[in-house]
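Accompanying notes for the structure given below.
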Amino acid sequence: MNKQTSDEENLDLNIVAQQQFDRALTWIDDVKAGLIAYFVNPKRTVHVRFSITMDDESVQTFHGFRVLHNRARGPGKGGIRYHPNVTESEVSALAALMTWKTAIIDVPFGGAKGGVVCNPKELSRAELRRITRRFVIELGDAIGPHTDIPAPDMYTDEQTMAWIYDTFDILHPGQNNRAVVTGKPLELGGSVGRDAATGRGCLNATQRLLEHGIVENLSDVAGARVAIQGVGNVGSTSMSLFHEAGARIVAITDSHGGVANEQGLQPNTVIAHKKECGSVVGLPETVTITNDDLLAFDCDILIPAALECQIHAGNAADVKATLIVEAANGPLTPEADDILQKRNVTVLPDIVANAGGVAVSYFEWVQNLENQQWQLEKVENRLQLRMNAAVDSLVAQWRLLQQKKDRGEPTLRNAALVIAIRRLSDVILQRDIWM
Ligand code: NAD
C-alpha cells in the first residue's frame with residue numbers, strides 16, 4: 001500500500017518505520033555505524049512459489065514469503081498474514097517492528113513476519129488448508145521452534161496455526177514440535193489468556209504510564225473517557241478491559257463507521273450488536289459517527305486498534321485526546337507525531353502498547369518446551385510484570401533523553417526505539433562479530 005495524504009507525506013508503513021528509526025538514531029551516539037546499517041534491512045527473506053489444486057480441480061499458483069529481520073536475541077517471532085495486497089515491503093517493516101517490540105518487552109526472540117498473497121474471502125476452508133500446508137512444506141527449515149516461530153496475523157487464526165504445526169510435525173517426527181507456532185488452539189498447546197493478551201497488555205501499559213504522572217491532566221484509567229478505533233480482537237478486548245477498569249467508553253468504530261454515547265457504551269451490548277449485525281452502527285441509544293469523527297472525538301484516551309497510518313498530517317491537529325495508546329501497529333505517521341508533540345498529546349508507542357500479544361506468545365512457547373499448561377492467573381500476573389517493566393524502562397529512558405536539551409524534546413517513541421536498538425546492539429557485540 002502506498003498512499004499519500006499530501007505531496008509531502010508518504011503513508012507506506014515501511015517508509016514510516018524507517019523514518020521512526022532514523023529519528024531514534026539522532027538520540028544515540030554510542031552504537032557502531034556499521035551495526036546501524038545492518039539493522040536497516042532484514043537478515044533474510046525467503047520467497048516461495050507453490051501451486052495447489054482448487055476445489056474446482058483447476059490449479060492456482062501462490063507467492064509467499066517469510067522475512068526474518070534479526071535473530072541475535074533469539075529465534076524470529078512474528079505473524080503470517082494472508083491478504084491480496086500483502087507485499088514484501090510491508091512485511092519487512094512489520095518484521096523490523098517485531099525486532100524492536102521483542103527487545104523492549106525483553107523476550108528472547110528476534111523479529112520476523114510472513115505473508116501469502118491470496119484472498120481468503122474467496123477461498124474455501126479446504127483451499128486455505130492446502131495453501132497453508134504447501135507453504136509450510138516450501139518454507140522447510142526456514143521456520144522451527146528455535147529458528148523462526150510464526151503466529152496468527154491478518155486472516156490467519158488458530159486453525160491456520162494448527163495446520164502449520166501438524167505439517168511441520170509430520171516433516172520432523174520424533175520430537176516435540178509444539179513450539180513451532182504460537183496462537184494455537186488450547187488443545188494443541190495454546191496458552192490461556194493469549195486471545196485477550198494484547199488488549200490486556202494495552203491496559204496494563206496505560207495504567208503504568210499514568211502512574212508515572214507524565215501525562216498532563218490524566219492520572220488514572222478510572223473515570224477517563226476512551227474512544228477506540230476497531231472492534232476486532234484488540235479493539236473489543238481493550239473496550240471490555242478499560243470499561244472494567246472504570247473508564248467510560250464514549251465512542252467506537254469498525255470498518256463501516258461507528259457509534260458514540262457521551263454517557264458511556266456497554267461493551268457487552270456493543271459486541272453482541274456487532275455479532276448480530278456485522279457492525280456496531282445502529283446500536284440503540286447511540287449517535288452514528290464516522291471514523292474521522294472518532295479520531296477527533298472529545299475524549300481523554302484515544303486507542304487506534306485497527307489499521308496503520310490512521311493519524312497523519314491531515315488530521316492530527318483535530319485529535320482532542322490527551323493520550324494516544326497505539327494498540328495497532330504503526331497507526332501514526334512521523335508528521336502526526338510532530339503535530340501531537342507540539343500540542344502536548346502523549347503517545348504510548350505501538351512497540352510497547354501492543355507488546356502484550358508477543359509476551360504471551362513467549363509464555364506459550366515456554367509452556368510448549370516444558371510440556372506445561374499455566375493457569376490464567378499466572379499468565380495475567382506475568383504479563384502485567386513484563387508490561388510494567390517495559391513502561392518503567394521507557395519512562396526512565398525518556399527522562400534521560402530529556403537531559404539532552406540541545407537535541408530537542410524526545411517522544412516516548414524515540415525512547416522506546418533507543419532502548420530496543422541498544423539492547424540489540426549490546427547482544428550482537430557480546431556475541432561477537434566474527435569473520
Ligand atoms: P482484527 O482483524 O481482529 O480487527 C480489526 C478491526 O479493525 C475490525 O474491527 C475492523 O472492522 C476494523 N477496521 C478495519 N478497517 C477499519 C477502518 N477503516 N476504520 C475503523 N476500523 C476498521 O485485528 P486485530 O487482531 O484486532 O489487530 C488490530 C491491530 O492491532 C492491527 O494493527 C494488528 O497488527 C495490531 N496487533 C494485533 C495483535 C493481536 O494480538 N491481535 C498484536 C499486536 C498488534
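Scheme for the C-alpha cells: letters A, B, ... for chains in order shown; per-chain residue numbers from 1; ligand numbers from 1 in order shown.
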
- request: Could you tell me, counting only C-alpha atoms and all ligand atoms, which protein and nucleic acid residues lie no more than 9 Å from ligand 1, written as a PyMOL selection string?
  value: chain A and resi 79+94+152-155+183+194-199+228-237+252-258+278-279+290-292+294+304-308+310+326-331+350-351+353-358

query: Using only C-alpha atoms, which residues sit within 10 Å of Thr87 of chain A once same-chain residues fewer than 2 positions away are excluded, as a list in words?
result: Met1, Gly64, Phe65, His83, Pro84, Asn85, Ser89, Glu90, Val91, Ser92, Gly114, Gly115, Val116 and Val117 of chain A

For the residues selected in the previous step, produce a file with C-alpha atoms as a PDB file, in the first residue's frame.
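The resulting file, again-v9.pdb, is reproduced below:
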ATOM      1  CA  MET A   1       0.000   0.000   0.000  1.00  0.00           C
ATOM      2  CA  GLY A  64       4.509 -16.490  -0.169  1.00  0.00           C
ATOM      3  CA  PHE A  65       7.395 -15.078   1.809  1.00  0.00           C
ATOM      4  CA  HIS A  83      -4.081 -10.907   2.054  1.00  0.00           C
ATOM      5  CA  PRO A  84      -4.356  -9.994  -1.650  1.00  0.00           C
ATOM      6  CA  ASN A  85      -2.310  -6.796  -1.118  1.00  0.00           C
ATOM      7  CA  SER A  89       7.905  -4.143   1.798  1.00  0.00           C
ATOM      8  CA  GLU A  90       5.012  -4.106   4.291  1.00  0.00           C
ATOM      9  CA  VAL A  91       6.071  -7.437   5.800  1.00  0.00           C
ATOM     10  CA  SER A  92       9.689  -6.241   6.119  1.00  0.00           C
ATOM     11  CA  GLY A 114       5.396 -13.580   6.710  1.00  0.00           C
ATOM     12  CA  GLY A 115       2.660 -13.490   4.146  1.00  0.00           C
ATOM     13  CA  VAL A 116       0.920 -15.276   1.306  1.00  0.00           C
ATOM     14  CA  VAL A 117      -0.627 -13.214  -1.476  1.00  0.00           C
TER      15      VAL A 117
END

field: Non-local contacts of Asp337 of chain A (12 Å; only C-alpha atoms; under 2 positions in same chain excluded) as number ranges by chain
entry: A: 16, 19-20, 23, 309-313, 315-317, 319, 324, 326, 330-335, 339-349, 409-414

- request: Point out the residue among A:Gln266, A:Thr286, A:Ser238, A:Thr147 with the least atom-to-atom distance to Gly110 of chain A, counting only C-alpha atoms.
  value: A:Thr147

- line: Of A:Ala179, A:Val250, A:Cys299, A:Val192, the one nearest to Trp374 of chain A when counting only C-alpha atoms is A:Val192

field: Option closest in space to Leu383 of chain A, from A:Asp106, A:Asp426, A:Asp169, A:Glu211 [counting only C-alpha atoms]
entry: A:Asp106

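Here atom CA of Val107 of chain A stands at a distance of 16.7 Å from atom CA of Lys378 of chain A.
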
- request: May I have the residues within 8 Å of Thr45 of chain A as a list in words, using only C-alpha atoms and disregarding those fewer than 2 positions away in the same chain?
  value: Pro42, Lys43, His47, Phe65, Arg66, Val67 and Leu68 of chain A

All heavy atoms of the current selection, written as an mmCIF file, in the first residue's frame:
data_model
loop_
_atom_site.group_PDB
_atom_site.id
_atom_site.type_symbol
_atom_site.label_atom_id
_atom_site.label_comp_id
_atom_site.auth_asym_id
_atom_site.auth_seq_id
_atom_site.Cartn_x
_atom_site.Cartn_y
_atom_site.Cartn_z
ATOM 1 N N PRO A 42 16.335 -6.497 6.349
ATOM 2 C CA PRO A 42 16.207 -7.793 7.034
ATOM 3 C C PRO A 42 17.411 -8.687 6.784
ATOM 4 O O PRO A 42 18.073 -8.580 5.750
ATOM 5 C CB PRO A 42 14.953 -8.407 6.407
ATOM 6 C CG PRO A 42 14.505 -7.525 5.320
ATOM 7 C CD PRO A 42 15.326 -6.285 5.317
ATOM 8 N N LYS A 43 17.631 -9.572 7.746
ATOM 9 C CA LYS A 43 18.731 -10.526 7.625
ATOM 10 C C LYS A 43 18.476 -11.490 6.469
ATOM 11 O O LYS A 43 19.371 -11.861 5.747
ATOM 12 C CB LYS A 43 18.816 -11.300 8.948
ATOM 13 C CG LYS A 43 19.883 -12.341 9.027
ATOM 14 C CD LYS A 43 19.815 -12.997 10.401
ATOM 15 C CE LYS A 43 20.735 -14.193 10.504
ATOM 16 N NZ LYS A 43 22.138 -13.847 10.309
ATOM 17 N N HIS A 47 11.526 -16.350 -0.380
ATOM 18 C CA HIS A 47 10.367 -16.290 -1.282
ATOM 19 C C HIS A 47 10.041 -17.703 -1.749
ATOM 20 O O HIS A 47 10.953 -18.445 -2.114
ATOM 21 C CB HIS A 47 10.711 -15.483 -2.540
ATOM 22 C CG HIS A 47 10.767 -14.018 -2.299
ATOM 23 N ND1 HIS A 47 9.680 -13.200 -2.470
ATOM 24 C CD2 HIS A 47 11.776 -13.224 -1.892
ATOM 25 C CE1 HIS A 47 10.024 -11.962 -2.171
ATOM 26 N NE2 HIS A 47 11.285 -11.936 -1.817
ATOM 27 N N PHE A 65 6.047 -15.424 1.352
ATOM 28 C CA PHE A 65 7.395 -15.078 1.809
ATOM 29 C C PHE A 65 7.458 -15.020 3.326
ATOM 30 O O PHE A 65 6.437 -14.874 3.999
ATOM 31 C CB PHE A 65 7.892 -13.756 1.208
ATOM 32 C CG PHE A 65 6.835 -12.731 1.013
ATOM 33 C CD1 PHE A 65 6.467 -11.895 2.039
ATOM 34 C CD2 PHE A 65 6.186 -12.618 -0.208
ATOM 35 C CE1 PHE A 65 5.483 -10.954 1.863
ATOM 36 C CE2 PHE A 65 5.191 -11.681 -0.398
ATOM 37 C CZ PHE A 65 4.834 -10.841 0.644
ATOM 38 N N ARG A 66 8.655 -15.159 3.825
ATOM 39 C CA ARG A 66 8.905 -15.046 5.256
ATOM 40 C C ARG A 66 10.144 -14.175 5.426
ATOM 41 O O ARG A 66 11.217 -14.486 4.895
ATOM 42 C CB ARG A 66 9.145 -16.438 5.866
ATOM 43 C CG ARG A 66 9.387 -16.419 7.360
ATOM 44 C CD ARG A 66 8.113 -16.241 8.157
ATOM 45 N NE ARG A 66 8.364 -16.192 9.590
ATOM 46 C CZ ARG A 66 7.470 -15.747 10.493
ATOM 47 N NH1 ARG A 66 6.273 -15.312 10.109
ATOM 48 N NH2 ARG A 66 7.759 -15.728 11.766
ATOM 49 N N VAL A 67 9.965 -13.072 6.146
ATOM 50 C CA VAL A 67 11.069 -12.135 6.364
ATOM 51 C C VAL A 67 11.572 -12.303 7.794
ATOM 52 O O VAL A 67 10.795 -12.219 8.741
ATOM 53 C CB VAL A 67 10.609 -10.670 6.157
ATOM 54 C CG1 VAL A 67 11.750 -9.703 6.454
ATOM 55 C CG2 VAL A 67 10.083 -10.465 4.734
ATOM 56 N N LEU A 68 12.868 -12.547 7.920
ATOM 57 C CA LEU A 68 13.494 -12.607 9.241
ATOM 58 C C LEU A 68 14.336 -11.345 9.375
ATOM 59 O O LEU A 68 15.350 -11.208 8.693
ATOM 60 C CB LEU A 68 14.374 -13.861 9.331
ATOM 61 C CG LEU A 68 15.146 -14.057 10.628
ATOM 62 C CD1 LEU A 68 14.214 -14.255 11.808
ATOM 63 C CD2 LEU A 68 16.080 -15.252 10.510
#

- request: Determine which residues of segment 288-397 of chain A DSSP labels as strand (DSSP E or B) from the backbone of this structure, then write them out as number ranges by chain.
  value: A: 288-289, 301-304, 311, 323-325, 332, 346-348

Please produce a file of the residues just selected, as a tab-separated table (two decimals), in the first residue's frame, where the atoms kept are C-alpha atoms.
chain	number	residue	atom	x	y	z
A	288	THR	CA	-23.75	7.30	14.48
A	289	ILE	CA	-20.28	8.66	13.75
A	301	ILE	CA	-7.63	8.40	25.74
A	302	LEU	CA	-7.75	7.52	22.03
A	303	ILE	CA	-6.94	3.91	21.14
A	304	PRO	CA	-6.34	3.25	17.43
A	311	ILE	CA	-3.49	9.64	12.22
A	323	LEU	CA	-3.15	10.32	25.47
A	324	ILE	CA	-3.00	8.08	22.38
A	325	VAL	CA	-2.37	4.38	23.05
A	332	LEU	CA	0.57	7.29	13.48
A	346	THR	CA	1.34	11.92	24.77
A	347	VAL	CA	1.69	8.87	22.52
A	348	LEU	CA	2.33	5.44	24.07
